[in-house]
Every structure is written in structure tokens, then in C-alpha cells.
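run_38.cif (mmCIF, C-alpha atoms) appears below.
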data_structure
#
loop_
_atom_site.group_PDB
_atom_site.id
_atom_site.type_symbol
_atom_site.label_atom_id
_atom_site.label_comp_id
_atom_site.auth_asym_id
_atom_site.auth_seq_id
_atom_site.Cartn_x
_atom_site.Cartn_y
_atom_site.Cartn_z
ATOM 1 C CA THR A 26 0.000 0.000 0.000
ATOM 2 C CA VAL A 27 1.081 3.573 -0.615
ATOM 3 C CA ALA A 28 2.005 5.407 2.587
ATOM 4 C CA GLU A 29 -0.064 8.467 3.373
ATOM 5 C CA VAL A 30 1.494 11.934 3.371
ATOM 6 C CA ASP A 31 -0.528 14.057 5.780
ATOM 7 C CA SER A 32 0.299 17.502 4.432
ATOM 8 C CA MET A 33 2.384 19.316 1.854
ATOM 9 C CA ARG A 34 3.409 22.966 1.901
ATOM 10 C CA THR A 35 6.178 25.431 1.230
ATOM 11 C CA SER A 36 8.281 25.365 4.370
ATOM 12 C CA PRO A 37 8.664 28.429 6.581
ATOM 13 C CA LYS A 38 12.149 29.573 7.513
ATOM 14 C CA LEU A 39 13.954 26.465 8.649
ATOM 15 C CA ARG A 40 15.813 28.033 11.536
ATOM 16 C CA GLY A 41 12.515 28.472 13.351
ATOM 17 C CA LEU A 42 11.794 24.761 12.982
ATOM 18 C CA LEU A 43 15.248 23.585 14.002
ATOM 19 C CA TRP A 44 16.074 25.997 16.815
ATOM 20 C CA PRO A 45 14.107 24.274 19.634
ATOM 21 C CA VAL A 46 16.028 21.014 19.223
ATOM 22 C CA LEU A 47 19.567 22.270 18.703
ATOM 23 C CA ALA A 48 20.821 22.111 22.275
ATOM 24 C CA ALA A 49 23.283 19.261 21.682
ATOM 25 C CA SER A 50 26.705 20.471 20.491
ATOM 26 C CA THR A 51 26.798 17.807 17.780
ATOM 27 C CA LEU A 52 23.831 19.540 16.106
ATOM 28 C CA VAL A 53 25.242 23.082 16.051
ATOM 29 C CA VAL A 54 26.351 22.638 12.446
ATOM 30 C CA LEU A 55 22.707 22.298 11.457
ATOM 31 C CA LEU A 56 21.925 25.748 12.844
ATOM 32 C CA ARG A 57 24.519 27.217 10.519
ATOM 33 C CA ALA A 58 23.068 25.167 7.688
ATOM 34 C CA ALA A 59 19.520 26.245 8.489
ATOM 35 C CA THR A 60 20.471 29.917 8.326
ATOM 36 C CA ALA A 61 21.935 29.419 4.861
ATOM 37 C CA TRP A 62 19.002 27.324 3.668
ATOM 38 C CA SER A 63 16.424 29.882 4.743
ATOM 39 C CA GLN A 64 18.168 32.437 2.540
ATOM 40 C CA ALA A 65 18.710 30.134 -0.425
ATOM 41 C CA GLY A 66 15.188 29.870 -1.832
ATOM 42 C CA GLU A 67 12.139 27.687 -1.387
ATOM 43 C CA TRP A 68 12.160 24.479 0.557
ATOM 44 C CA PHE A 69 9.122 22.242 0.565
ATOM 45 C CA GLU A 70 7.758 20.391 3.569
ATOM 46 C CA ALA A 71 5.828 17.114 3.585
ATOM 47 C CA ASP A 72 4.555 15.649 6.862
ATOM 48 C CA THR A 73 3.634 12.053 7.666
ATOM 49 C CA ALA A 74 2.766 10.267 10.891
ATOM 50 C CA GLY A 75 6.462 9.584 11.489
ATOM 51 C CA PHE A 76 8.486 12.226 9.658
ATOM 52 C CA VAL A 77 8.848 15.878 8.749
ATOM 53 C CA VAL A 78 10.562 16.043 5.352
ATOM 54 C CA LEU A 79 12.132 19.266 4.078
ATOM 55 C CA SER A 80 13.331 19.192 0.476
ATOM 56 C CA SER A 81 15.082 21.692 -1.766
ATOM 57 C CA GLY A 82 14.188 19.543 -4.772
ATOM 58 C CA GLY A 83 10.572 20.702 -5.139
ATOM 59 C CA SER A 84 7.205 19.573 -3.845
ATOM 60 C CA ALA A 85 7.192 16.290 -5.785
ATOM 61 C CA SER A 86 10.571 15.389 -4.290
ATOM 62 C CA ALA A 87 9.368 16.110 -0.758
ATOM 63 C CA MET A 88 6.298 13.940 -1.334
ATOM 64 C CA GLU A 89 8.377 11.079 -2.763
ATOM 65 C CA VAL A 90 10.843 11.065 0.140
ATOM 66 C CA ALA A 91 8.076 11.313 2.749
ATOM 67 C CA GLY A 92 6.081 8.533 1.110
ATOM 68 C CA ALA A 93 9.083 6.190 0.848
ATOM 69 C CA LEU A 94 10.156 6.677 4.462
ATOM 70 C CA GLU A 95 6.623 6.247 5.765
ATOM 71 C CA ALA A 96 6.205 3.106 3.647
ATOM 72 C CA PHE A 97 9.370 1.720 5.245
ATOM 73 C CA ARG A 98 8.177 2.520 8.754
ATOM 74 C CA GLN A 99 4.779 0.942 8.158
ATOM 75 C CA ALA A 100 6.286 -2.150 6.529
ATOM 76 C CA PHE A 101 8.689 -2.631 9.443
ATOM 77 C CA ALA A 102 5.757 -2.371 11.858
ATOM 78 C CA ARG A 103 3.904 -5.106 9.978
ATOM 79 C CA LEU A 104 6.930 -7.383 9.749
ATOM 80 C CA VAL A 105 8.037 -6.870 13.370
ATOM 81 C CA PRO A 106 4.851 -6.018 15.310
ATOM 82 C CA ASN A 107 6.614 -5.541 18.656
ATOM 83 C CA ALA A 108 9.126 -3.011 17.285
ATOM 84 C CA ARG A 109 8.764 0.625 18.331
ATOM 85 C CA THR A 110 8.603 2.178 14.883
ATOM 86 C CA GLU A 111 7.198 5.574 15.810
ATOM 87 C CA PRO A 112 10.110 7.949 16.506
ATOM 88 C CA LEU A 113 10.283 8.830 20.204
ATOM 89 C CA ALA A 114 11.802 12.200 19.262
ATOM 90 C CA PRO A 115 10.992 14.337 16.203
ATOM 91 C CA ALA A 116 12.338 12.750 13.008
ATOM 92 C CA ILE A 117 13.363 15.529 10.625
ATOM 93 C CA VAL A 118 14.611 14.675 7.132
ATOM 94 C CA LEU A 119 16.631 17.212 5.146
ATOM 95 C CA ALA A 120 16.675 16.245 1.463
ATOM 96 C CA PHE A 121 19.124 18.215 -0.676
ATOM 97 C CA ASP A 122 18.522 18.257 -4.415
ATOM 98 C CA ARG A 123 22.222 17.590 -5.099
ATOM 99 C CA PHE A 124 25.431 16.931 -3.202
ATOM 100 C CA GLU A 125 26.873 20.346 -4.084
ATOM 101 C CA SER A 126 24.132 21.985 -1.998
ATOM 102 C CA TYR A 127 25.046 19.805 0.981
ATOM 103 C CA GLU A 128 28.819 19.985 0.468
ATOM 104 C CA PRO A 129 29.441 22.924 2.882
ATOM 105 C CA PHE A 130 27.997 20.768 5.693
ATOM 106 C CA ALA A 131 29.334 17.352 4.625
ATOM 107 C CA PRO A 132 31.875 15.342 6.678
ATOM 108 C CA VAL A 133 35.474 16.332 5.979
ATOM 109 C CA PHE A 134 38.446 13.990 5.590
ATOM 110 C CA ALA A 135 41.996 15.145 4.833
ATOM 111 C CA GLY A 136 40.696 18.649 4.292
ATOM 112 C CA ARG A 137 38.118 17.688 1.662
ATOM 113 C CA ALA A 138 34.379 17.099 1.846
ATOM 114 C CA VAL A 139 33.456 13.414 1.683
ATOM 115 C CA ARG A 140 30.883 12.686 -1.023
ATOM 116 C CA VAL A 141 28.217 10.878 0.981
ATOM 117 C CA ALA A 142 24.658 10.087 -0.024
ATOM 118 C CA GLY A 143 23.340 10.654 3.472
ATOM 119 C CA SER A 144 24.074 10.945 7.161
ATOM 120 C CA PHE A 145 22.263 10.652 10.471
ATOM 121 C CA ILE A 146 22.484 12.489 13.788
ATOM 122 C CA GLY A 147 20.317 11.341 16.665
ATOM 123 C CA SER A 148 19.678 12.547 20.186
ATOM 124 C CA ALA A 149 16.987 12.322 22.843
ATOM 125 C CA ARG A 150 15.471 15.578 21.571
ATOM 126 C CA ALA A 151 15.547 15.078 17.790
ATOM 127 C CA ASN A 152 16.693 12.770 15.000
ATOM 128 C CA TYR A 153 18.063 14.208 11.773
ATOM 129 C CA LEU A 154 18.444 12.286 8.526
ATOM 130 C CA VAL A 155 20.195 14.104 5.678
ATOM 131 C CA LEU A 156 19.942 12.812 2.094
ATOM 132 C CA THR A 157 21.360 13.952 -1.244
ATOM 133 C CA LEU A 158 18.843 13.205 -3.972
ATOM 134 C CA ASP A 159 21.264 13.075 -6.911
ATOM 135 C CA GLN A 160 22.431 9.678 -5.586
ATOM 136 C CA PRO A 161 19.006 8.060 -5.082
ATOM 137 C CA GLU A 162 19.986 4.395 -4.755
ATOM 138 C CA LYS A 163 22.746 5.166 -2.263
ATOM 139 C CA ALA A 164 20.523 7.671 -0.439
ATOM 140 C CA TRP A 165 17.740 5.111 0.075
ATOM 141 C CA THR A 166 20.275 2.558 1.308
ATOM 142 C CA VAL A 167 21.592 5.033 3.881
ATOM 143 C CA ALA A 168 18.064 6.098 4.868
ATOM 144 C CA PHE A 169 16.732 2.586 5.480
ATOM 145 C CA HIS A 170 19.940 1.487 7.244
ATOM 146 C CA GLU A 171 19.832 4.430 9.641
ATOM 147 C CA LEU A 172 16.089 4.182 10.261
ATOM 148 C CA THR A 173 16.569 0.522 11.170
ATOM 149 C CA HIS A 174 19.197 1.560 13.715
ATOM 150 C CA LEU A 175 16.729 4.106 15.110
ATOM 151 C CA ILE A 176 13.959 1.530 15.456
ATOM 152 C CA VAL A 177 16.312 -1.029 17.036
ATOM 153 C CA SER A 178 17.603 1.562 19.532
ATOM 154 C CA GLN A 179 14.024 2.328 20.553
ATOM 155 C CA THR A 180 13.134 -1.354 20.905
ATOM 156 C CA LEU A 181 16.178 -3.084 22.411
ATOM 157 C CA VAL A 182 18.697 -2.115 25.083
ATOM 158 C CA LYS A 183 22.305 -2.410 23.870
ATOM 159 C CA PRO A 184 21.810 -4.983 21.109
ATOM 160 C CA PRO A 185 25.018 -6.785 20.055
ATOM 161 C CA THR A 186 26.883 -5.151 17.193
ATOM 162 C CA TRP A 187 26.601 -8.162 14.886
ATOM 163 C CA PHE A 188 22.817 -8.020 15.186
ATOM 164 C CA ASN A 189 22.509 -4.236 15.037
ATOM 165 C CA GLU A 190 24.623 -3.880 11.893
ATOM 166 C CA GLY A 191 23.348 -7.066 10.313
ATOM 167 C CA ILE A 192 19.665 -6.192 10.556
ATOM 168 C CA ALA A 193 20.381 -2.622 9.416
ATOM 169 C CA GLU A 194 22.137 -3.900 6.310
ATOM 170 C CA PHE A 195 19.335 -6.376 5.635
ATOM 171 C CA TYR A 196 16.644 -3.701 5.825
ATOM 172 C CA SER A 197 18.784 -1.262 3.816
ATOM 173 C CA THR A 198 17.763 -3.339 0.777
ATOM 174 C CA PHE A 199 14.095 -2.390 1.304
ATOM 175 C CA ARG A 200 12.265 -1.549 -1.899
ATOM 176 C CA THR A 201 8.620 -1.370 -2.955
ATOM 177 C CA THR A 202 7.409 -2.415 -6.386
ATOM 178 C CA ALA A 203 6.194 0.395 -8.627
ATOM 179 C CA THR A 204 2.952 -1.339 -9.629
ATOM 180 C CA ASP A 205 1.338 -2.633 -6.440
ATOM 181 C CA GLY A 206 3.588 -1.415 -3.615
ATOM 182 C CA ASP A 207 4.643 -4.904 -2.513
ATOM 183 C CA VAL A 208 7.701 -4.927 -0.246
ATOM 184 C CA GLU A 209 10.981 -6.515 -1.346
ATOM 185 C CA LEU A 210 13.807 -7.313 1.078
ATOM 186 C CA GLY A 211 17.053 -9.244 0.962
ATOM 187 C CA HIS A 212 18.538 -8.137 -2.339
ATOM 188 C CA VAL A 213 22.234 -8.916 -2.739
ATOM 189 C CA ILE A 214 24.496 -6.018 -1.730
ATOM 190 C CA PRO A 215 27.278 -6.060 -4.371
ATOM 191 C CA ASP A 216 29.977 -4.564 -2.114
ATOM 192 C CA HIS A 217 29.317 -7.237 0.534
ATOM 193 C CA LEU A 218 29.427 -10.009 -2.032
ATOM 194 C CA LEU A 219 32.796 -8.703 -3.243
ATOM 195 C CA LEU A 220 34.174 -8.699 0.300
ATOM 196 C CA LEU A 221 32.986 -12.255 0.936
ATOM 197 C CA ARG A 222 34.665 -13.449 -2.248
ATOM 198 C CA ARG A 223 37.878 -11.479 -1.752
ATOM 199 C CA ASP A 224 38.640 -11.524 1.979
ATOM 200 C CA PRO A 225 38.932 -14.331 4.548
ATOM 201 C CA TRP A 226 35.764 -14.856 6.580
ATOM 202 C CA ILE A 227 35.751 -13.840 10.247
ATOM 203 C CA PRO A 228 35.460 -16.841 12.618
ATOM 204 C CA LEU A 229 31.971 -17.056 14.114
ATOM 205 C CA ASP A 230 33.110 -16.718 17.734
ATOM 206 C CA GLU A 231 35.045 -13.559 16.817
ATOM 207 C CA LEU A 232 32.114 -12.155 14.859
ATOM 208 C CA LEU A 233 29.781 -12.574 17.835
ATOM 209 C CA THR A 234 32.111 -10.535 20.068
ATOM 210 C CA VAL A 235 32.691 -7.634 17.663
ATOM 211 C CA SER A 236 31.903 -4.226 19.148
ATOM 212 C CA ALA A 237 31.492 -0.754 17.691
ATOM 213 C CA ASP A 238 35.127 -0.069 18.677
ATOM 214 C CA SER A 239 36.557 -3.111 16.915
ATOM 215 C CA SER A 240 39.058 -2.467 14.127
#
Turn the structure described in the file into C-alpha cells.
Amino acid sequence: TVAEVDSMRTSPKLRGLLWPVLAASTLVVLLRAATAWSQAGEWFEADTAGFVVLSSGGSASAMEVAGALEAFRQAFARLVPNARTEPLAPAIVLAFDRFESYEPFAPVFAGRAVRVAGSFIGSARANYLVLTLDQPEKAWTVAFHELTHLIVSQTLVKPPTWFNEGIAEFYSTFRTTATDGDVELGHVIPDHLLLLRRDPWIPLDELLTVSADSS
């Protein structure tokens, strides 16, 4: 089924929306971004039961992103009924029309912006998902991976890393068919297949003890 988008409108100045939830120091960069965005032209807002989507790519883009994310949330709720799929803090999605628009705020490595399709910052007061729409396949993969982490963090206390990353990668393959909206999961991830063919496999006992700090 097609997920319902509750409302669609041209967004007001974004700083007013973001300011109440910018207390955490890790989110300060978004305040700087919001100031620039509010001066850069129209952004469009689409609201669903679970998300507020702000897009610089036009109203159709905002609707598409909102619909896809809501479809994922609803599908996860059907597949895992006991999961807490409704965000406990506001879930705000910033969808840039192209990477160049996001570049001033992108992660930096060796003095250069890293070309990423998306990123996620979460806190007890707000969750931010940033996507760049000129890399749609990669952006959806990032979005569904990070939303799975969000749902898991709301449902389980300190899940083991192998489970947390494994289920996030599995659900990152989420797609709906264009004709009837059926859900598809479990597509092969080419980069993972390459690693399995190229590198030695990690022993099972070692895999089960991997942590987020493991090299």
C-alpha cells in the first residue's frame, strides 16, 4: 500500500523549525546550515505520521521522500509487530537536491568534503536524517539502514553489534514495487558479495564478540 502523506506545503524559515532542538553540540552545524538554507530559496515540507521532510528539490521530491520513508516505517511495523517504529523524538529529514548543496555541511576527511549520499544524527530531543537526492539508490540505502538503527535503539537495550549492523544492512535493501507497492527485502548487496569473495571470513566466535570499537 502507498504510505499516506498528511500535508504538503512550502516550508517556513527552517531556523525556526530547528532551533528548539539544537541544544546538543553535535547539532550546532545544522543551525549554521539552516540559516543558509532559509536564505537560499524555497524548501518544501511534507509531513507524515512519522516524519517531517524538508526538500530543496521541489514539492514532488518532498512527497516522494516522505512517502518512501513512511512506507518503510509501516512495513517494518507489519513485519516486526513488537518493534517501536514511531520515533520517540521528532524525526526531521533534510533532502538536498544535489550533493553540491550539501557539500558545505558534509563530513570532511583530509581537508576535503566526503561525497556521501546521506548521514544521520540522533539525540533524545531530535533525530536528523540528511539525504542527497542526486544519488538516489545510495541515499535510500543510507536512509533505510539508519532508520533501522533508530527503530532497534528504541526497541532493544544495547543490542550486540553483529545483530545491530546485520539487521540494518538487511533492511537497507528495502524496496517497494512500482505497480502494487509490494515490499521486497534481501537483495544482494554487491559490495558485501565482493568482500565475501575477496577476503577471509571472520570466525563465528570472533564475529559474535565484535563491538562498535573493533578495528
Resolved residues for the PyMOL selection byres ((chain A and resi 177) around 10) as a ChimeraX atom specification: /A:108-110,171-176,178-184,188-189,192-193
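As for CA of Ser126 in chain A and CA of Ala87 in chain A, they are spaced 15.9 Å apart.
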Residue nearest His170 in chain A - candidates A:Arg223, A:Arg123, A:Arg103, A:Arg98, atoms counted: all atoms listed in the file: A:Arg98
Non-local contacts of His212 in chain A (10 Å; all atoms listed in the file; under 3 positions in same chain excluded) as a PDB file with C-alpha atoms, keeping the file's coordinate frame:
ATOM      1  CA  PHE A 195      19.335  -6.376   5.635  1.00  0.00           C
ATOM      2  CA  TYR A 196      16.644  -3.701   5.825  1.00  0.00           C
ATOM      3  CA  SER A 197      18.784  -1.262   3.816  1.00  0.00           C
ATOM      4  CA  THR A 198      17.763  -3.339   0.777  1.00  0.00           C
ATOM      5  CA  PHE A 199      14.095  -2.390   1.304  1.00  0.00           C
ATOM      6  CA  ARG A 200      12.265  -1.549  -1.899  1.00  0.00           C
ATOM      7  CA  GLU A 209      10.981  -6.515  -1.346  1.00  0.00           C
ATOM      8  CA  PRO A 215      27.278  -6.060  -4.371  1.00  0.00           C
TER       9      PRO A 215
END
Reference answer for the PyMOL selection byres ((chain A and resi 154) around 6), as a list of chain:residue names: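 On the file shown, the PyMOL selection byres ((chain A and resi 154) around 6) covers A:Val118, A:Ser144, A:Phe145, A:Tyr153, A:Val155.
Proximity of A:Leu158, A:Ala71, A:Leu220, A:Ala151 to Leu113 in chain A, computed with all atoms listed in the file, is greatest for A:Ala151.
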Nearest to Thr234 in chain A among A:Gly191, A:Pro185, A:Pro112, A:Pro161, with distances taken over all atoms listed in the file: which residue is it?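 Going through A:Gly191, A:Pro185, A:Pro112, A:Pro161 one by one, the smallest distance to Thr234 in chain A is for A:Pro185.
You can rank A:Phe76, A:Phe124, A:Phe69, A:Phe130 by their closest distance to Glu95 in chain A using only C-alpha atoms, and at the top of that list sits A:Phe76.
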Closest of A:Leu219, A:Val208, A:Ile214, A:Leu233 to Gln99 in chain A - atom-to-atom distances counting only C-alpha atoms: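 Among the listed residues, A:Val208 lies closest to Gln99 in chain A.
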Check the smallest atom-to-atom distance from each of A:Ala138, A:Asp159, A:Asn152, A:Pro106 to Ser81 in chain A using only C-alpha atoms, then report the winner.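 Closest residue, counting only C-alpha atoms: A:Asp159.
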One decimal, Å: what's the distance from CA of Glu194 in chain A over to CA of Leu79 in chain A, could you say? 25.3 Å
